>>> print(open('query-v5.cif').read())   # mmCIF, C-alpha atoms and all ligand atoms
data_my_file
#
loop_
_atom_site.label_atom_id
_atom_site.label_comp_id
_atom_site.auth_asym_id
_atom_site.auth_seq_id
_atom_site.Cartn_x
_atom_site.Cartn_y
_atom_site.Cartn_z
CA MET J 1 14.31 22.06 -10.25
CA ARG J 2 15.97 20.66 -13.29
CA ILE J 3 14.53 17.62 -14.91
CA ALA J 4 15.52 16.27 -18.26
CA SER J 5 12.48 16.75 -20.43
CA ASP J 6 13.43 13.86 -22.62
CA ILE J 7 15.01 10.92 -20.96
CA ASP J 8 14.49 8.65 -23.91
CA PHE J 9 18.06 9.27 -24.94
CA LEU J 10 19.21 7.56 -21.78
CA PRO J 11 20.17 4.38 -23.62
CA ILE J 12 23.07 6.48 -24.94
CA LEU J 13 24.18 6.97 -21.40
CA ASN J 14 22.84 3.80 -19.94
CA LYS J 15 20.60 4.40 -16.97
CA TYR J 16 22.52 2.02 -14.77
CA GLN J 17 25.85 3.40 -15.84
CA MET J 18 24.55 6.76 -14.85
CA TYR J 19 23.70 5.63 -11.37
CA ASP J 20 26.45 3.17 -10.71
CA GLU J 21 29.39 4.34 -12.72
CA SER J 22 29.07 7.96 -13.63
CA PRO J 23 31.05 10.09 -11.18
CA LEU J 24 28.84 13.02 -12.14
CA ARG J 25 26.05 14.25 -9.94
CA GLY J 26 23.66 17.16 -9.86
CA ASP J 27 24.58 20.14 -12.04
CA ALA J 28 27.63 18.44 -13.53
CA LEU J 29 25.51 15.51 -14.66
CA TYR J 30 22.90 17.88 -16.04
CA GLU J 31 25.47 19.83 -18.06
CA THR J 32 26.96 16.63 -19.43
CA LEU J 33 23.59 15.33 -20.47
CA LYS J 34 22.76 18.68 -22.03
CA ALA J 35 25.96 18.67 -24.05
CA ASN J 36 25.11 15.24 -25.39
CA ALA J 37 21.45 15.64 -26.09
CA SER J 38 20.04 18.54 -28.00
CA SER J 39 16.54 17.76 -26.81
CA LEU J 40 17.36 18.38 -23.19
CA THR J 41 15.39 21.28 -21.74
CA LEU J 42 14.02 22.44 -18.45
CA VAL J 43 10.50 21.43 -17.59
CA LYS J 44 8.23 22.82 -14.93
CA ALA J 45 7.72 20.61 -11.95
CA LYS J 46 4.77 20.58 -9.61
CA ILE J 47 6.18 20.30 -6.12
CA HIS J 48 3.48 19.08 -3.80
CA ARG J 49 5.05 20.30 -0.62
CA ALA J 50 8.23 21.96 0.55
CA ILE J 51 11.23 19.68 0.39
CA GLU J 52 12.52 19.21 3.90
CA GLY J 53 15.92 17.96 4.90
CA LYS J 54 18.95 17.03 2.87
CA VAL J 55 18.20 15.74 -0.61
CA LYS J 56 19.90 12.37 -1.02
CA THR J 57 18.70 11.26 -4.43
CA VAL J 58 16.34 12.40 -7.13
CA THR J 59 14.96 9.70 -9.39
CA VAL J 60 13.24 10.77 -12.56
CA SER J 61 11.01 8.34 -14.35
CA LYS J 62 8.80 8.64 -17.34
CA MET J 63 5.31 7.24 -16.98
CA PRO J 64 3.66 5.42 -19.90
CA SER J 65 1.32 8.39 -20.29
CA GLY J 66 4.29 10.60 -21.04
CA LYS J 67 4.34 12.39 -17.69
CA TYR J 68 7.48 12.64 -15.61
CA LEU J 69 7.72 11.71 -12.01
CA ALA J 70 10.55 12.92 -9.84
CA SER J 71 10.91 11.05 -6.61
CA ILE J 72 13.00 12.82 -4.02
CA LEU J 73 14.55 11.01 -1.12
CA THR J 74 15.50 13.26 1.75
CA GLU J 75 17.05 12.77 5.12
CA THR J 76 16.03 14.75 8.16
CA GLU J 77 17.87 14.84 11.41
CA GLY J 78 17.30 13.39 14.80
CA GLU J 79 13.62 12.60 14.97
CA ASN J 80 12.82 9.92 17.47
CA PRO J 81 9.50 8.45 16.59
CA ARG J 82 7.05 9.25 19.32
CA PHE J 83 5.61 6.05 20.68
CA SER J 84 1.96 5.79 20.15
CA VAL J 85 -0.80 5.07 22.54
CA GLY J 86 -4.25 4.37 21.33
CA LYS J 87 -6.40 1.74 19.82
CA ILE J 88 -5.49 -1.66 18.53
CA TYR J 89 -7.17 -2.37 15.25
CA GLY J 90 -7.80 -5.80 13.79
CA ILE J 91 -8.39 -5.80 10.05
CA ASP J 92 -9.89 -8.42 7.81
CA LEU J 93 -8.99 -7.65 4.22
CA GLY J 94 -11.57 -9.01 1.86
CA LEU J 95 -13.10 -8.94 -1.55
CA LYS J 96 -16.67 -8.10 -0.57
CA HIS J 97 -15.46 -5.12 1.47
CA PHE J 98 -11.95 -3.80 1.06
CA ALA J 99 -11.33 -3.79 4.79
CA VAL J 100 -13.39 -4.70 7.82
CA VAL J 101 -11.91 -3.06 10.88
CA THR J 102 -12.58 -3.50 14.57
CA ASP J 103 -11.16 -1.64 17.55
CA GLY J 104 -12.56 -4.27 19.92
CA GLU J 105 -15.84 -2.46 20.39
CA LYS J 106 -17.32 -1.66 17.04
CA VAL J 107 -16.83 -3.02 13.54
CA SER J 108 -16.46 -0.67 10.56
CA LYS J 109 -16.49 -1.66 6.92
CA TYR J 110 -14.56 0.22 4.27
CA ASP J 111 -15.30 -0.28 0.61
CA ASN J 112 -13.36 0.82 -2.40
CA PRO J 113 -14.55 4.31 -3.33
CA LYS J 114 -17.28 4.47 -5.94
CA HIS J 115 -15.37 6.75 -8.30
CA LEU J 116 -12.63 4.13 -8.43
CA ALA J 117 -15.08 1.63 -9.86
CA LYS J 118 -16.15 4.21 -12.41
CA HIS J 119 -12.55 4.84 -13.53
CA GLU J 120 -11.94 1.10 -13.67
CA LYS J 121 -14.94 0.58 -15.89
CA ASN J 122 -13.70 3.32 -18.16
CA LEU J 123 -10.26 1.70 -18.24
CA LYS J 124 -11.68 -1.66 -19.17
CA ARG J 125 -13.69 -0.16 -22.01
CA LYS J 126 -10.69 1.70 -23.37
CA GLN J 127 -8.45 -1.36 -23.07
CA GLN J 128 -10.93 -3.34 -25.11
CA LYS J 129 -11.03 -0.63 -27.72
CA LEU J 130 -7.23 -0.68 -27.85
CA ALA J 131 -7.23 -4.43 -28.34
CA ARG J 132 -9.47 -4.06 -31.38
CA LYS J 133 -7.13 -1.64 -33.10
CA GLN J 134 -4.78 -3.00 -35.74
CA LYS J 135 -1.36 -3.94 -34.43
CA GLY J 136 1.38 -1.52 -35.42
CA SER J 137 -1.02 1.15 -36.64
CA ASN J 138 -0.56 4.83 -35.74
CA SER J 139 -4.01 4.92 -34.32
CA ARG J 140 -3.14 2.08 -31.95
CA ASN J 141 0.03 3.78 -30.82
CA ARG J 142 -1.81 7.02 -30.14
CA TYR J 143 -4.57 5.23 -28.30
CA ARG J 144 -2.08 3.44 -26.10
CA LYS J 145 -1.26 6.76 -24.47
CA VAL J 146 -4.94 7.44 -23.85
CA VAL J 147 -5.20 4.09 -22.06
CA ALA J 148 -2.05 4.81 -20.08
CA LYS J 149 -3.59 8.06 -18.84
CA VAL J 150 -6.74 6.34 -17.65
CA TYR J 151 -4.63 3.65 -16.02
CA GLU J 152 -2.74 6.34 -14.15
CA ARG J 153 -5.99 7.87 -12.99
CA VAL J 154 -7.17 4.51 -11.65
CA SER J 155 -3.85 3.93 -9.98
CA ASN J 156 -3.73 7.41 -8.39
CA SER J 157 -7.29 7.14 -7.26
CA ARG J 158 -6.57 3.81 -5.61
CA LEU J 159 -3.40 5.08 -3.94
CA ASP J 160 -5.32 8.09 -2.66
CA PHE J 161 -7.92 5.82 -1.07
CA LEU J 162 -5.25 3.57 0.47
CA HIS J 163 -3.34 6.56 1.84
CA LYS J 164 -6.42 8.10 3.40
CA LEU J 165 -7.62 4.89 4.99
CA SER J 166 -4.19 3.92 6.33
CA TYR J 167 -3.69 7.46 7.66
CA LYS J 168 -7.04 7.34 9.43
CA LEU J 169 -6.29 3.99 11.06
CA VAL J 170 -2.77 4.89 12.09
CA SER J 171 -3.66 8.30 13.52
CA ASP J 172 -5.38 6.94 16.62
CA SER J 173 -3.81 3.54 17.06
CA GLN J 174 -0.74 1.93 18.56
CA SER J 175 -0.99 -1.31 16.60
CA VAL J 176 -2.75 -2.59 13.55
CA ILE J 177 -3.16 -6.31 13.11
CA VAL J 178 -3.62 -7.93 9.72
CA GLU J 179 -3.41 -11.42 8.33
CA ASN J 180 -0.22 -12.40 6.61
CA LEU J 181 -0.96 -11.67 2.98
CA HIS J 182 1.57 -14.11 1.71
CA VAL J 183 -0.75 -17.02 2.18
CA LYS J 184 -3.97 -15.13 1.91
CA GLY J 185 -2.92 -14.03 -1.55
CA MET J 186 -0.94 -16.95 -2.80
CA VAL J 187 -2.70 -20.02 -1.48
CA ARG J 188 -6.13 -19.46 -0.11
CA PHE J 189 -7.34 -17.25 -2.90
CA SER J 190 -4.89 -18.03 -5.66
CA TYR J 191 -7.67 -18.32 -8.19
CA LEU J 192 -8.66 -14.78 -7.34
CA ALA J 193 -5.21 -13.35 -7.92
CA LYS J 194 -6.51 -10.80 -10.39
CA SER J 195 -8.97 -9.34 -7.94
CA ILE J 196 -6.35 -9.33 -5.22
CA SER J 197 -3.97 -7.27 -7.29
CA ASP J 198 -6.86 -4.97 -8.08
CA VAL J 199 -7.82 -4.26 -4.51
CA GLY J 200 -4.28 -3.50 -3.41
CA TRP J 201 -3.89 -5.24 -0.07
CA GLY J 202 -0.12 -5.39 -0.41
CA THR J 203 0.15 -1.67 -1.01
CA PHE J 204 -2.22 -1.05 1.87
CA THR J 205 -0.15 -3.04 4.38
CA ASN J 206 2.96 -1.28 3.09
CA PHE J 207 1.34 2.05 3.80
CA LEU J 208 0.17 0.92 7.23
CA ALA J 209 3.62 -0.40 8.09
CA TYR J 210 5.57 2.74 7.37
CA LYS J 211 2.98 5.13 8.78
CA LEU J 212 2.84 3.11 11.99
CA GLU J 213 6.61 2.97 12.20
CA ARG J 214 6.80 6.73 11.80
CA ASN J 215 4.38 7.14 14.70
CA GLY J 216 6.09 4.59 16.91
CA GLY J 217 3.31 2.06 16.41
CA LYS J 218 3.55 -1.29 14.76
CA LEU J 219 1.98 -3.52 12.21
CA VAL J 220 1.47 -7.05 13.42
CA GLU J 221 0.94 -9.83 10.93
CA ILE J 222 -0.69 -12.90 12.35
CA ASP J 223 0.10 -16.48 11.61
CA ARG J 224 -0.64 -17.67 8.15
CA TRP J 225 -2.72 -20.62 9.24
CA PHE J 226 -4.81 -18.82 11.80
CA PRO J 227 -8.47 -19.75 11.02
CA SER J 228 -9.86 -16.24 11.42
CA SER J 229 -13.08 -16.96 9.52
CA LYS J 230 -13.83 -20.33 11.07
CA LEU J 231 -13.52 -19.41 14.73
CA CYS J 232 -16.41 -18.16 16.81
CA SER J 233 -15.09 -14.96 18.38
CA ASN J 234 -17.39 -15.49 21.37
CA CYS J 235 -16.64 -19.06 22.47
CA PHE J 236 -13.71 -20.01 20.16
CA TYR J 237 -15.55 -22.99 18.73
CA GLN J 238 -14.10 -23.77 15.33
CA VAL J 239 -16.31 -24.83 12.44
CA SER J 240 -14.75 -27.15 9.89
CA GLU J 241 -15.86 -25.35 6.76
CA MET J 242 -16.56 -21.73 5.88
CA PRO J 243 -17.19 -21.34 2.15
CA LEU J 244 -16.46 -17.90 0.70
CA ASP J 245 -20.09 -17.19 -0.11
CA VAL J 246 -21.27 -17.55 3.50
CA ARG J 247 -21.66 -13.96 4.70
CA GLU J 248 -23.37 -14.68 8.04
CA TRP J 249 -23.44 -17.70 10.29
CA THR J 250 -24.56 -18.87 13.70
CA CYS J 251 -22.17 -20.62 16.05
CA PRO J 252 -23.43 -24.19 16.65
CA HIS J 253 -21.87 -24.16 20.12
CA CYS J 254 -22.92 -20.87 21.73
CA GLY J 255 -25.56 -19.69 19.27
CA THR J 256 -23.96 -16.31 18.55
CA HIS J 257 -24.91 -14.92 15.17
CA HIS J 258 -21.88 -13.64 13.27
CA ASP J 259 -21.24 -11.36 10.38
CA ARG J 260 -18.48 -13.27 8.58
CA ASP J 261 -16.01 -10.40 8.13
CA GLY J 262 -16.70 -8.70 11.46
CA ASN J 263 -16.13 -11.98 13.28
CA ALA J 264 -12.87 -12.54 11.37
CA ALA J 265 -11.64 -9.03 12.22
CA ILE J 266 -12.37 -9.62 15.94
CA ASN J 267 -10.43 -12.91 15.83
CA ILE J 268 -7.52 -11.31 13.99
CA ARG J 269 -7.36 -8.58 16.60
CA ALA J 270 -7.46 -11.04 19.49
CA GLU J 271 -4.74 -13.18 17.94
CA GLY J 272 -2.55 -10.14 17.31
CA ILE J 273 -2.91 -9.00 20.91
CA ARG J 274 -1.94 -12.50 22.04
CA MET J 275 1.19 -12.28 19.90
CA ILE J 276 2.12 -8.82 21.17
CA LYS J 277 1.76 -10.07 24.75
CA ALA J 278 3.84 -13.13 23.96
CA GLU J 279 6.52 -10.81 22.64
CA GLY J 280 6.51 -9.05 25.99
CA SER J 281 4.97 -5.69 25.23
CA ALA J 282 2.38 -4.32 27.57
CA VAL J 283 -1.04 -4.17 26.04
CA SER J 284 -4.30 -3.23 27.57
CA ALA J 285 -7.38 -4.71 26.07
CA VAL J 286 -8.86 -1.40 25.02
CA GLY J 287 -5.64 0.29 24.01
CA GLY J 288 -4.79 3.42 25.97
CA GLU J 289 -2.36 3.39 28.89
CA VAL J 290 0.13 1.31 27.04
CA SER J 291 3.81 2.01 27.09
CA PRO J 292 5.83 -0.08 24.74
CA LYS J 293 9.55 0.36 25.28
CA LEU J 294 10.70 3.31 23.29
CA GLY J 295 12.72 2.52 20.23
CA ARG J 296 12.20 -1.19 20.40
CA LYS J 297 12.21 -2.93 17.10
CA SER J 298 9.34 -5.15 16.22
CA LYS J 299 10.30 -8.67 15.42
CA PHE J 300 7.10 -9.20 13.54
CA GLY J 301 8.01 -9.47 9.95
CA HIS J 302 6.18 -7.76 7.19
CA SER J 303 6.23 -9.52 3.90
CA PRO J 304 3.83 -8.12 1.37
CA VAL J 305 3.52 -10.13 -1.77
CA ILE J 306 1.65 -7.71 -3.88
CA THR J 307 3.15 -4.33 -4.36
CA GLU J 308 1.20 -2.45 -6.87
CA ALA J 309 2.82 0.90 -6.85
CA PRO J 310 4.34 1.15 -10.34
CA SER J 311 7.84 1.33 -8.94
CA SER J 312 9.75 1.86 -5.77
CA ALA J 313 10.16 5.44 -6.92
CA VAL J 314 6.47 6.03 -6.61
CA ARG J 315 6.39 4.45 -3.19
CA ALA J 316 9.28 6.67 -2.17
CA ALA J 317 7.38 9.64 -3.50
CA CYS J 318 4.32 8.64 -1.54
CA ARG J 319 6.46 8.17 1.50
CA ARG J 320 7.97 11.57 1.05
CA GLN J 321 4.59 13.17 0.67
CA GLY J 322 3.77 11.55 3.93
CA ASN J 323 0.05 11.45 3.62
ZN ZN M 401 -19.63 -19.69 19.72
#
>>> encode(input="query-v5.cif", output="structure tokens", more="lines below")
Ligand SMILES: [Zn+2]
Amino acid sequence: MRIASDIDFLPILNKYQMYDESPLRGDALYETLKANASSLTLVKAKIHRAIEGKVKTVTVSKMPSGKYLASILTETEGENPRFSVGKIYGIDLGLKHFAVVTDGEKVSKYDNPKHLAKHEKNLKRKQQKLARKQKGSNSRNRYRKVVAKVYERVSNSRLDFLHKLSYKLVSDSQSVIVENLHVKGMVRFSYLAKSISDVGWGTFTNFLAYKLERNGGKLVEIDRWFPSSKLCSNCFYQVSEMPLDVREWTCPHCGTHHDRDGNAAINIRAEGIRMIKAEGSAVSAVGGEVSPKLGRKSKFGHSPVITEAPSSAVRAACRRQGN
């Protein structure tokens, strides 16, 4: 594969001109670039898996660390997504645990991996060191690349975790139900915006959405004002207040003792199932034996606010890798 080893010269041939106006593609574009830039050479590319289907576009980007990323969009023919049967998961995305998941029977908690925290700590330390270096100095410029590399490691490590968890949940489910992040991120926890961007809920729901779609399943986002934390999942009594630091509580009406996040996940799941039924799809309470109409489009919107992947190119690359 041919990739320009130095795309810094692109301002000469403006990036956007290249995409929108240049009639040149593929080899012709490469030869033209080569003729105009002495620094253009071939670089080795690590191809993670065989490229399947017809290549539509290749987008090359340079990461702050100096690495190149080629994102390849391909088109394959005639695959009807198989419709999925299986569990229905309700997920409460939180700060204490990354995700608390229930399939209606048991509740599982998933935390950010420990090595991620280690990388993040390292990143923070290096960022602080960078900040102390004199502005405009060579040493600062060199160190910036060091920080960029650590940042990439954090970012890759997080994406890896999000891919694995979303893959796991999608592999045996027909639907995954989450809260609409728009409000969860922007209103309810606006003062925690930094943490929210760190934990990557938006990226996670993106991953869930496309993996489910590929399998014929669907992501359901429940109403923004649904009081998932305040409802008793046993008797539906609603308490008026549920401060963030309350991790466990007992329902004043039926006396059931709740784990905050587990209870919220159960409520989210129940509300999602109600919505799916209202939409007209057949759903059995335990999953299984469900046959949604093949090829039907979900009307449930998906509107992530936080997309952390550095660019759409990376998301496309992740999508292509399909893990
Ligand atoms: Zn109750």
>>> atom_distance(input="query-v5.cif", atom1="atom CA of Ala278 of chain J", atom2="atom CA of Ile266 of chain J")
18.4 Å
>>> residues_near_ligand(input="query-v5.cif", ligand="ligand ZN 401 (chain M)", cutoff="7 Å", atoms="all atoms listed in the file", output="list in words")
Cys232, Ser233, Asn234, Cys235, Phe236, Tyr237, Cys251, Pro252, His253, Cys254, Gly255 and Thr256 of chain J
>>> residues_around(input="query-v5.cif", residues="Asp245 of chain J", least_positions_apart="6", cutoff="12 Å", atoms="all atoms listed in the file", output="mmCIF file with C-alpha atoms, keeping the file's coordinate frame")
data_model
loop_
_atom_site.group_PDB
_atom_site.id
_atom_site.type_symbol
_atom_site.label_atom_id
_atom_site.label_comp_id
_atom_site.auth_asym_id
_atom_site.auth_seq_id
_atom_site.Cartn_x
_atom_site.Cartn_y
_atom_site.Cartn_z
ATOM 1 C CA GLY J 94 -11.570 -9.010 1.860
ATOM 2 C CA LEU J 95 -13.100 -8.940 -1.550
ATOM 3 C CA LYS J 96 -16.670 -8.100 -0.570
ATOM 4 C CA SER J 229 -13.080 -16.960 9.520
ATOM 5 C CA ARG J 260 -18.480 -13.270 8.580
ATOM 6 C CA ASP J 261 -16.010 -10.400 8.130
#
>>> closest_residue(input="query-v5.cif", among="J:Val60, J:Val176, J:Ala117, J:Leu181", to="Arg158 of chain J", atoms="only C-alpha atoms")
J:Ala117
>>> closest_residue(input="query-v5.cif", among="J:Glu241, J:Lys129, J:Pro64, J:Tyr167", to="Arg214 of chain J", atoms="all atoms listed in the file")
J:Tyr167
>>> atom_distance(input="query-v5.cif", atom1="atom CA of Ser108 of chain J", atom2="atom CA of Trp201 of chain J")
17.1 Å
>>> closest_residue(input="query-v5.cif", among="J:Pro243, J:Lys149, J:Val100, J:Asp172", to="Asn267 of chain J", atoms="only C-alpha atoms")
J:Val100
>>> closest_residue(input="query-v5.cif", among="J:Val154, J:Ile273, J:Val170, J:Ile72", to="Val85 of chain J", atoms="all atoms listed in the file")
J:Val170
>>> closest_residue(input="query-v5.cif", among="J:Lys211, J:Lys67, J:His119, J:Lys87", to="Ser173 of chain J", atoms="all atoms listed in the file")
J:Lys87
